[in-house]
Amino acid sequence: MKSKWLYLLLVTLFTMTLVACGSGNDDSAQDNGAADDTSEEKVLNISSPSDIPTLDPIMTEDNVSTQWIDTIYEGLYRQAPGGEIVSGIAKIEETEVSEDGLTYTFHLREDAKWANGDPVTAHDFVYGWQRATDPANGSFYGNYLMSGKIKNATEIFAGDMAPEELGVKAADDYTFVVELEVPIPYFDSYVINSNFLPAHKEFVEEQGDKFSLSPDSILSNGPFKLTEWKADNGWTVEKNEDYWDAENVALDAINVKVIKETNTALSNYEVGDLDRVTLSGSQVNENRTNPEFMSLTESSVFYVKLNQESTEKSEYMQNVNFRKAIAKGFDKQAYIDVAYGNDSVPVDTLVPYEFVQHPESGEDFQTGNEALAYDVEAAQEFWNKAKEELGFEEVSVSFLSGDSDVAKKVSEVMKTELEKNLPGLTLETVNVPWAQQLDLMRSGDYELAVSGWGPDYKDAISFVDIFVTGGENNDVGYSNEEYDALVKAAKTELFNDPVKRFESLQQAEDILLEEAGIAPIMQRKTSVLSKSYVKGLEKMNPFGNNYSFKYVDIQK
Amino acid sequence: MRKYLFQRIIYMLITLFIIVTATFFLMKMMPGSPFNNLGGKMTDEQRVLLEAKYGLDQPLPVQYFKYMTGMVQGDFGVSFQYNNRPVTDIILDRIGPSAHLGAQALIIGSILGVILGMIAAIKHNTWIDYGSNIIAVLGISIPSFVFAGLLQYYLAVKLQLFPVSFWEGPIYTVLPTIALMIFPMAICARFMRTEMLEVLGSDYIELARAKGVKNSSIMFRHAMRNALIPVVTVLGPMTVSLMTGTLVIEQIFAIPGIGEQFVLSISTSDYPVIMGTTILFAVLFVVVILIVDLLYGLIDPRIRLQGGKN
Amino acid sequence: MDKESNNLHENKFQRVHVKEELSEELARPQLSFWKDAWIRLLKNKGAITGLILIVVILLLAFIGPFLNSYGMNDENYDAAYLPPKVKGLEWLGFDGISTIEVQGTSVDDAITRGLEGYEIDKEFVLDSTVIEEPNGDDIEYFKVSLDVDMYAANGLEDQYFWFGTDNMGRDLWTRIWEGTRISLYIGVLAAMIDMVVGVLYGGISGYYGGRTDNVMQRIIEVLSGIPNLVVVILMIMILKPGLLAITIALTITGWIGMARIVRGQVLKLKNQEFVLAARTLGANDKRILMKHLIPNVMSVIVINTMFTIPSAIFFESFLSFIGLGLQPPHASLGSLIDTAFDDYRVYPYMLLFPAVIISLLMIGFNILADGLRDALDPKMRR
């Protein structure tokens, strides 16, 4: 009896350990490629903040998926570093556009191959695009980007037409024709999205539900192919020797590790496990003097939503002086210093800097309207006017933000800034998870909220279109006829007049700012440490996939 | 005994049924839908379309019935956040590392804790006692993520004795195990010490001593055994919570575990994954509780669970 | 042997009981259980130390914020991330001097980069040491550490932030003591819930056993089986985040660990002789449970409470983390530690002070608890 129970206990515990170790070893069977690049192989070791949610091109909704789908697939065109659109499977210089801007004819190169040796043909594009519009597949971005743009897409998504009726066809094996419903002057950058990728019909149908779930169920046609993918742990892509432009792909492989904790990623970089790491919070200051430090401009802009449809305080929020006082009443630099601590740039405008350029002069779209610049005195003037017009002395408005560390710091800095600069204002900070934030936004139960917008294609309209009356993403109730007219013109009759179109979008943005439809805060920058031998990652792409690994090199 | 076991298993199934049902309906009451994590770009119509595709537009009882029938047949559905990946795959992929680490931390932590507690009790009111007490107190008052961070920074980055993170082999488990085992160790040490002190002062130990029983035999055969009840009680549920992963430790050491997957699936309203993981955790929990109850009887034959009070 | 001494004379003896009626009188004053415990507690030096420690922290939590002129939310961006500085304690490291490490291709380059990056004037650099030089292998750059008088560099020579400042230049001394107060409230609350709900639930379940036990334990299993986070998120919908929400969240599941422990102990004790004796003497269930069983379980109750308190304090910071807890700019020890952890490599003092206070508090509680255990344990009553 003495040792019976002890024995039992030990046996149970050890069996548990053995079972657990057994499964643990399965996961760790593969050698770690990181840190020991003994051969001449050019291997890039980086980290990712999350696992890849999906590698099915039509299901992607996030940065990580978009990035790696771009790395293993190739569509009509692709982005070179810095956002230049270059030839992919289609030869960009041979693409024909009809007079009315509604028909695009793409000429495909004949040497492009799938990893199984089959040629990439126009039929693959037809299938890929039809697949994206098939409502049964439930592609969000397919619907978002194609409805109202590609012929018949709206009807197909509504289930009124079959996907086969989509306005795309293969004139021959290497000629792909697209019919649009409205002209899209920025169609070149539009088709970069992964919903416009080709798909190998036979392979996709053979894989069925398993498509894209593991390296074996993916057929790439891009510069790299996925060779290993361990859940929540990491993945490896290796150079695809069958890629038509393989000779211009410098890297042999990229190892990616999933690291969610930023301090851990930095530690890994410091001991040499990683070649590049993204910094956050105080890490930026700590490493600012490091010669390997870089700050990269993003085209994401952050602003405060000023909800004019607020359920409780709409009369305040609809007062233009009230809105202007808030928009001018907080120190944007302090906001960046406290919440991000990096080199993000305070902005007073909506469309980001270094995003689109004047079609002729090449000047930046963003000329820096200062109507909403930080200015305490001006803010207080507007504030007093608002007080007079509305007849209040004290008011409390809610400020909605997320539950992340950054979001909490945002709440704190906004509360202190606005309450300090606008006497009589109380900011009720609400920090809730994203899902609940969306619910509150939908029900209009808030006055102020932080929001950010990243473009899906390279055109100012991606931003300006948000605030048209009744726009599907305009949830702050902003409405101005002149603004609507300018945006509408840019979307329709001005497609053939790029200069005028450009200018009318600039005017529209000015109207929005003069009326304080939003309160712009900053254009985000990403700070990284990158080993000096990594070349080709010095800029972020302005939209879509952040980096183009096809052009990255390691020069030790 | 057999009858008792049989009865308990029936109860277990009922408990599980209640847990699954309650979780299902509570989860559906949570705000948000799995299809709105898109920076606000998705329109309501699109969401409705997607919800129809996954049957989320049907009345709750229908969804519930469908889920339960599927579950009984071993079909736990597919994930939303990992586009159509089967829930079973997601869980199986991630439970390994979590269970491995948890088991390692639990075994080492509890054994060290029990030893520490016994020594402290035997050397009552000496510096060993105070020392082990302070270790235990620090172990519970400093959160494990702080421990983990400091261990990682000093042992892995500064001294480079261990790898910083990742899940590649035994050496990679050292730091996370240490960080994880502090809490079970502290708890075992504290309970063991108090219970031992109590037991050592009791009559039957004095009787054993008087009869000339060897000291080591008194310690292990009589004292330790009687002191184990609270230790076993706390270790039971702790086994489950350790083996099912801990969010922060997994994040700090970049371990592909289930703990943070669970949190992620809740924050993204990934219903099938939430349900699958809940069921797994609940099964483990009720089984562990049963084992603990059975162990009571083994440790102290005077404890009888079957009958009511005398 | 002296024979004389064996001759016991009657008058050498005295009657003890002078009077019959006095024979029933007790020699010592009768003490209630709690009074007796209190006296024994006061005799225990360790317990008194613990008590003093707790009282000091408690006092500071209430008067600490008023000991300097900074308010809880007085932000000053020029004073962000200042290290601790105390007049008279400079020799202890409270000197307001930060050591920053800078890198560059040469020593001068590193220093220039550092001064530019941190926007510091050269005159405030008190000392510089070269830590690393390129060795042609894994080290590529010079690394220099600079001792900078951060207060002077920011033009704040006359300020004294005793525990330093945070990212918004708020005084950490004030914030930490305000936070301590909230954490103490949560700790005490958790302990109370444990003591009342947990002990009673566990006691009843274990004592009655059988079907009662079965049902009560299944309820515990259900409560533990439903994911906590789901329940907590649902509560965010109903409640405004804040102390009330925290209190309810704690109440739902906080007592389960205690209930199981007490049940385990009661199961062990209820068949022992003293319970049998009490029952034979006619004690009812309530009396047996409250007067005989629970006092005997007191030691594990006290120990378990010691685990509940820090767990509750960190549970609160977890709630804050998901938006159910305190809303910014309020802080608790837990949330201060959470925030500081992200920056511990650069600003270790932000983590150090709250961690030390929480540890001291817990050490105080534990020493006191050990004293209490000795004082409350009926077997030790000699």
# chains A, B, ... in the order shown; residues from 1 in each chain; ligands from 1
>>> interface_residues(of="chain B", to="chain A", cutoff="8 Å", atoms="only C-alpha atoms", output="MDAnalysis selection string")
chainID B and resid 31:33 36:43 46 49:50 53 81:85 90 93:94 96:97 99:100 103:104 107 153 157 160 164:169 221 251:257 267:268 295 298:299
>>> closest_atom_pairs(of="chain C", to="chain A", cutoff="10 Å", atoms="only C-alpha atoms", output="Markdown table")
| residue | atom | partner | partner_atom | distance |
| --- | --- | --- | --- | --- |
| C:Asn73 | CA | A:Thr416 | CA | 7.8 |
| C:Asp74 | CA | A:Thr416 | CA | 8.5 |
| C:Glu75 | CA | A:Thr416 | CA | 7.5 |
| C:Tyr77 | CA | A:Ala334 | CA | 7.1 |
| C:Asp78 | CA | A:Ala334 | CA | 10.0 |
| C:Ala80 | CA | A:Val338 | CA | 8.8 |
| C:Ile100 | CA | A:Glu286 | CA | 8.0 |
| C:Glu101 | CA | A:Glu286 | CA | 7.8 |
| C:Val102 | CA | A:Thr289 | CA | 5.5 |
| C:Gln103 | CA | A:Asn290 | CA | 5.1 |
| C:Gly104 | CA | A:Pro291 | CA | 6.1 |
| C:Thr105 | CA | A:Pro291 | CA | 7.7 |
| C:Asp109 | CA | A:Thr289 | CA | 9.5 |
| C:Ala110 | CA | A:Thr289 | CA | 7.1 |
| C:Ile111 | CA | A:Thr289 | CA | 8.9 |
| C:Thr112 | CA | A:Thr289 | CA | 9.0 |
| C:Arg113 | CA | A:Thr289 | CA | 5.4 |
| C:Gly114 | CA | A:Thr289 | CA | 5.6 |
| C:Leu115 | CA | A:Thr289 | CA | 9.0 |
| C:Glu116 | CA | A:Thr289 | CA | 8.5 |
| C:Gly117 | CA | A:Arg288 | CA | 6.1 |
| C:Tyr118 | CA | A:Asn285 | CA | 7.7 |
| C:Asp138 | CA | A:Gly272 | CA | 8.8 |
| C:Glu140 | CA | A:Pro291 | CA | 9.7 |
| C:Tyr141 | CA | A:Pro291 | CA | 8.0 |
| C:Phe142 | CA | A:Asn290 | CA | 9.7 |
| C:Lys143 | CA | A:Asn290 | CA | 9.1 |
| C:Asp166 | CA | A:Val338 | CA | 9.6 |
| C:Asn167 | CA | A:Val338 | CA | 5.9 |
| C:Met168 | CA | A:Val338 | CA | 6.2 |
| C:Gly169 | CA | A:Val338 | CA | 9.6 |
| C:Ile233 | CA | A:Pro433 | CA | 8.7 |
| C:Ile236 | CA | A:Val432 | CA | 8.1 |
| C:Met237 | CA | A:Gln436 | CA | 8.1 |
| C:Lys240 | CA | A:Val430 | CA | 9.3 |
| C:Pro241 | CA | A:Val430 | CA | 8.5 |
| C:Ser320 | CA | A:Asp403 | CA | 8.4 |
| C:Phe321 | CA | A:Asp403 | CA | 6.4 |
| C:Ile322 | CA | A:Asp403 | CA | 5.7 |
| C:Gly323 | CA | A:Val432 | CA | 4.9 |
| C:Leu324 | CA | A:Val432 | CA | 7.5 |
| C:Gly325 | CA | A:Asn431 | CA | 9.7 |
| C:Leu326 | CA | A:Asn431 | CA | 9.7 |
| C:Gln327 | CA | A:Asn431 | CA | 7.1 |
| C:Pro328 | CA | A:Glu412 | CA | 6.0 |
| C:Pro329 | CA | A:Glu412 | CA | 5.7 |
| C:His330 | CA | A:Glu412 | CA | 9.5 |
| C:Asp338 | CA | A:Asp405 | CA | 9.3 |
| C:Thr339 | CA | A:Asp405 | CA | 7.5 |
| C:Phe341 | CA | A:Asn263 | CA | 9.6 |
| C:Asp342 | CA | A:Asn263 | CA | 7.3 |
| C:Asp343 | CA | A:Ser282 | CA | 5.8 |
| C:Tyr344 | CA | A:Ser282 | CA | 9.1 |
| C:Arg345 | CA | A:Gln283 | CA | 8.5 |
| C:Val346 | CA | A:Glu286 | CA | 6.5 |
| C:Tyr347 | CA | A:Ser282 | CA | 8.6 |
>>> closest_atom_pairs(of="chain C", to="chain B", cutoff="7 Å", atoms="only C-alpha atoms", output="CSV")
residue,atom,partner,partner_atom,distance
C:Tyr207,CA,B:Lys309,CA,6.7
C:Tyr208,CA,B:Lys309,CA,5.2
C:Gly209,CA,B:Gly308,CA,4.7
C:Gly210,CA,B:Gly308,CA,3.9
C:Arg211,CA,B:Gly308,CA,6.9
C:Arg218,CA,B:Thr15,CA,6.3
C:Glu221,CA,B:Val286,CA,6.6
C:Val222,CA,B:Ile19,CA,5.4
C:Gly225,CA,B:Ala282,CA,4.9
C:Ile226,CA,B:Thr23,CA,5.7
C:Pro227,CA,B:Thr278,CA,6.7
C:Val230,CA,B:Met27,CA,6.2
C:Ile233,CA,B:Met30,CA,6.8
C:Leu234,CA,B:Met30,CA,5.6
C:Arg260,CA,B:Thr233,CA,6.7
C:Ile261,CA,B:Pro230,CA,5.8
C:Gly264,CA,B:Ile229,CA,6.5
C:Gln265,CA,B:Ile229,CA,6.9
C:Leu267,CA,B:Ile303,CA,6.0
C:Lys268,CA,B:Ile303,CA,5.6
C:Asn271,CA,B:Arg302,CA,6.8
C:Ser299,CA,B:Thr194,CA,6.9
C:Val300,CA,B:Phe191,CA,6.9
C:Ile303,CA,B:Phe191,CA,6.8
C:Phe307,CA,B:Ile140,CA,6.8
C:Pro310,CA,B:Ser141,CA,5.7
C:Phe341,CA,B:Val146,CA,6.8
C:Ala355,CA,B:Ile142,CA,6.6
C:Ile358,CA,B:Ser141,CA,6.5
C:Ser359,CA,B:Ser141,CA,5.5
C:Met362,CA,B:Ser141,CA,6.3
C:Ile363,CA,B:Val137,CA,6.1
>>> select_by_dssp(residues="region 23-244 of chain C", states="alpha helix (DSSP H)", output="ChimeraX atom specification")
/C:33-43,45-63,107-118,150-153,172-193,199-208,210-225,228-238,243-244
>>> atom_distance(atom1="CA of Leu184 (chain C)", atom2="CA of Leu53 (chain C)")
13.5 Å
>>> residues_around(residues="region 367-369 of chain C", least_positions_apart="2", cutoff="12 Å", atoms="only C-alpha atoms", output="number ranges by chain")
B: 125, 129-130, 133-134, 136-137, 190, 194; C: 38, 41-42, 44-55, 298-307, 360-365, 371-377
>>> closest_residue(among="B:Ile95, B:Val213, B:Ala121, B:Leu151", to="Leu197 (chain B)", atoms="only C-alpha atoms")
B:Ala121
>>> residues_around(residues="Gly75 (chain A)", least_positions_apart="5", cutoff="9 Å", atoms="only C-alpha atoms", output="list of chain:residue names")
A:Asp70, A:Gly88, A:Ile89, A:Ala90, A:Phe125, A:Val191, A:Ile192, A:Asn193, A:Ser194, A:Phe196, A:Leu197, A:Pro198, A:Asn221, A:Gly222
>>> select_by_dssp(residues="region 71-288 of chain A", states="strand (DSSP E or B)", output="NGL selection string")
:A and (77-79 or 85-87 or 90 or 96-97 or 103-108 or 113 or 119 or 150 or 168-172 or 175-180 or 224-230 or 234-239 or 253-258 or 276-279)
>>> write_last_selection(atoms="C-alpha atoms", output="mmCIF file, in the first residue's frame")
data_model
loop_
_atom_site.group_PDB
_atom_site.id
_atom_site.type_symbol
_atom_site.label_atom_id
_atom_site.label_comp_id
_atom_site.auth_asym_id
_atom_site.auth_seq_id
_atom_site.Cartn_x
_atom_site.Cartn_y
_atom_site.Cartn_z
ATOM 1 C CA TYR A 77 1.351 42.938 -62.711
ATOM 2 C CA ARG A 78 3.337 43.255 -59.523
ATOM 3 C CA GLN A 79 4.750 46.033 -57.370
ATOM 4 C CA ILE A 85 3.787 48.794 -61.144
ATOM 5 C CA VAL A 86 5.773 46.451 -63.380
ATOM 6 C CA SER A 87 5.006 43.536 -65.670
ATOM 7 C CA ALA A 90 1.046 40.330 -68.443
ATOM 8 C CA GLU A 96 -4.433 47.916 -74.632
ATOM 9 C CA VAL A 97 -7.192 50.101 -73.202
ATOM 10 C CA THR A 103 -12.132 47.274 -72.087
ATOM 11 C CA TYR A 104 -8.673 46.139 -71.110
ATOM 12 C CA THR A 105 -6.729 43.638 -73.188
ATOM 13 C CA PHE A 106 -3.778 42.041 -71.435
ATOM 14 C CA HIS A 107 -1.118 40.155 -73.365
ATOM 15 C CA LEU A 108 0.412 37.388 -71.298
ATOM 16 C CA LYS A 113 4.589 28.347 -65.631
ATOM 17 C CA PRO A 119 1.781 27.101 -68.563
ATOM 18 C CA ILE A 150 -16.111 44.436 -63.415
ATOM 19 C CA VAL A 168 -13.730 38.484 -68.491
ATOM 20 C CA LYS A 169 -12.653 36.191 -71.301
ATOM 21 C CA ALA A 170 -9.671 34.479 -72.825
ATOM 22 C CA ALA A 171 -9.451 35.668 -76.425
ATOM 23 C CA ASP A 172 -6.759 33.061 -76.880
ATOM 24 C CA THR A 175 -4.783 37.181 -74.382
ATOM 25 C CA PHE A 176 -6.957 38.115 -71.452
ATOM 26 C CA VAL A 177 -9.799 40.612 -71.953
ATOM 27 C CA VAL A 178 -11.613 42.433 -69.144
ATOM 28 C CA GLU A 179 -14.791 44.459 -69.492
ATOM 29 C CA LEU A 180 -15.531 47.146 -66.913
ATOM 30 C CA PHE A 224 8.892 31.640 -54.354
ATOM 31 C CA LYS A 225 7.070 28.529 -53.289
ATOM 32 C CA LEU A 226 5.974 27.496 -49.832
ATOM 33 C CA THR A 227 7.916 24.468 -48.635
ATOM 34 C CA GLU A 228 7.068 24.334 -44.967
ATOM 35 C CA TRP A 229 4.274 25.722 -42.823
ATOM 36 C CA LYS A 230 3.918 24.891 -39.135
ATOM 37 C CA GLY A 234 6.507 29.735 -38.848
ATOM 38 C CA TRP A 235 6.973 28.928 -42.505
ATOM 39 C CA THR A 236 9.631 28.760 -45.176
ATOM 40 C CA VAL A 237 9.459 29.804 -48.791
ATOM 41 C CA GLU A 238 12.127 28.727 -51.263
ATOM 42 C CA LYS A 239 13.014 30.130 -54.608
ATOM 43 C CA ALA A 253 14.824 31.110 -49.219
ATOM 44 C CA ILE A 254 13.006 33.115 -46.581
ATOM 45 C CA ASN A 255 12.453 31.719 -43.101
ATOM 46 C CA VAL A 256 9.643 33.307 -41.197
ATOM 47 C CA LYS A 257 9.019 32.811 -37.481
ATOM 48 C CA VAL A 258 5.804 33.783 -35.781
ATOM 49 C CA ARG A 276 15.232 42.331 -39.575
ATOM 50 C CA VAL A 277 12.796 43.346 -36.898
ATOM 51 C CA THR A 278 9.974 45.849 -36.550
ATOM 52 C CA LEU A 279 10.224 48.067 -33.488
#
>>> residues_around(residues="Asp57 (chain B)", least_positions_apart="4", cutoff="8 Å", atoms="only C-alpha atoms", output="list in words")
Val48, Glu51 and Ala52 of chain B
>>> residues_around(residues="Met258 (chain C)", least_positions_apart="5", cutoff="7 Å", atoms="only C-alpha atoms", output="ChimeraX atom specification")
/C:194,198-199,304
>>> residues_around(residues="Glu247 (chain A)", least_positions_apart="6", cutoff="12 Å", atoms="only C-alpha atoms", output="PDB file with N, CA and C atoms, in the first residue's frame")
ATOM      1  N   PRO A 223       7.558  34.036 -57.588  1.00  0.00           N
ATOM      2  CA  PRO A 223       9.007  33.942 -57.398  1.00  0.00           C
ATOM      3  C   PRO A 223       9.419  32.905 -56.352  1.00  0.00           C
ATOM      4  N   LYS A 239      13.049  29.598 -53.249  1.00  0.00           N
ATOM      5  CA  LYS A 239      13.014  30.130 -54.608  1.00  0.00           C
ATOM      6  C   LYS A 239      12.348  29.122 -55.551  1.00  0.00           C
ATOM      7  N   ASN A 240      11.460  29.627 -56.403  1.00  0.00           N
ATOM      8  CA  ASN A 240      10.764  28.778 -57.362  1.00  0.00           C
ATOM      9  C   ASN A 240      11.558  28.779 -58.666  1.00  0.00           C
ATOM     10  N   GLU A 241      12.253  27.662 -58.938  1.00  0.00           N
ATOM     11  CA  GLU A 241      13.128  27.619 -60.116  1.00  0.00           C
ATOM     12  C   GLU A 241      12.330  27.654 -61.417  1.00  0.00           C
ATOM     13  N   LYS A 550      10.553  39.546 -54.170  1.00  0.00           N
ATOM     14  CA  LYS A 550      11.200  39.157 -55.420  1.00  0.00           C
ATOM     15  C   LYS A 550      12.491  39.944 -55.614  1.00  0.00           C
ATOM     16  N   TYR A 551      12.499  41.195 -55.158  1.00  0.00           N
ATOM     17  CA  TYR A 551      13.631  42.080 -55.450  1.00  0.00           C
ATOM     18  C   TYR A 551      14.597  42.197 -54.280  1.00  0.00           C
TER      19      TYR A 551
END
>>> atom_distance(atom1="CA of Ala246 (chain A)", atom2="CA of Gln555 (chain A)")
18.0 Å
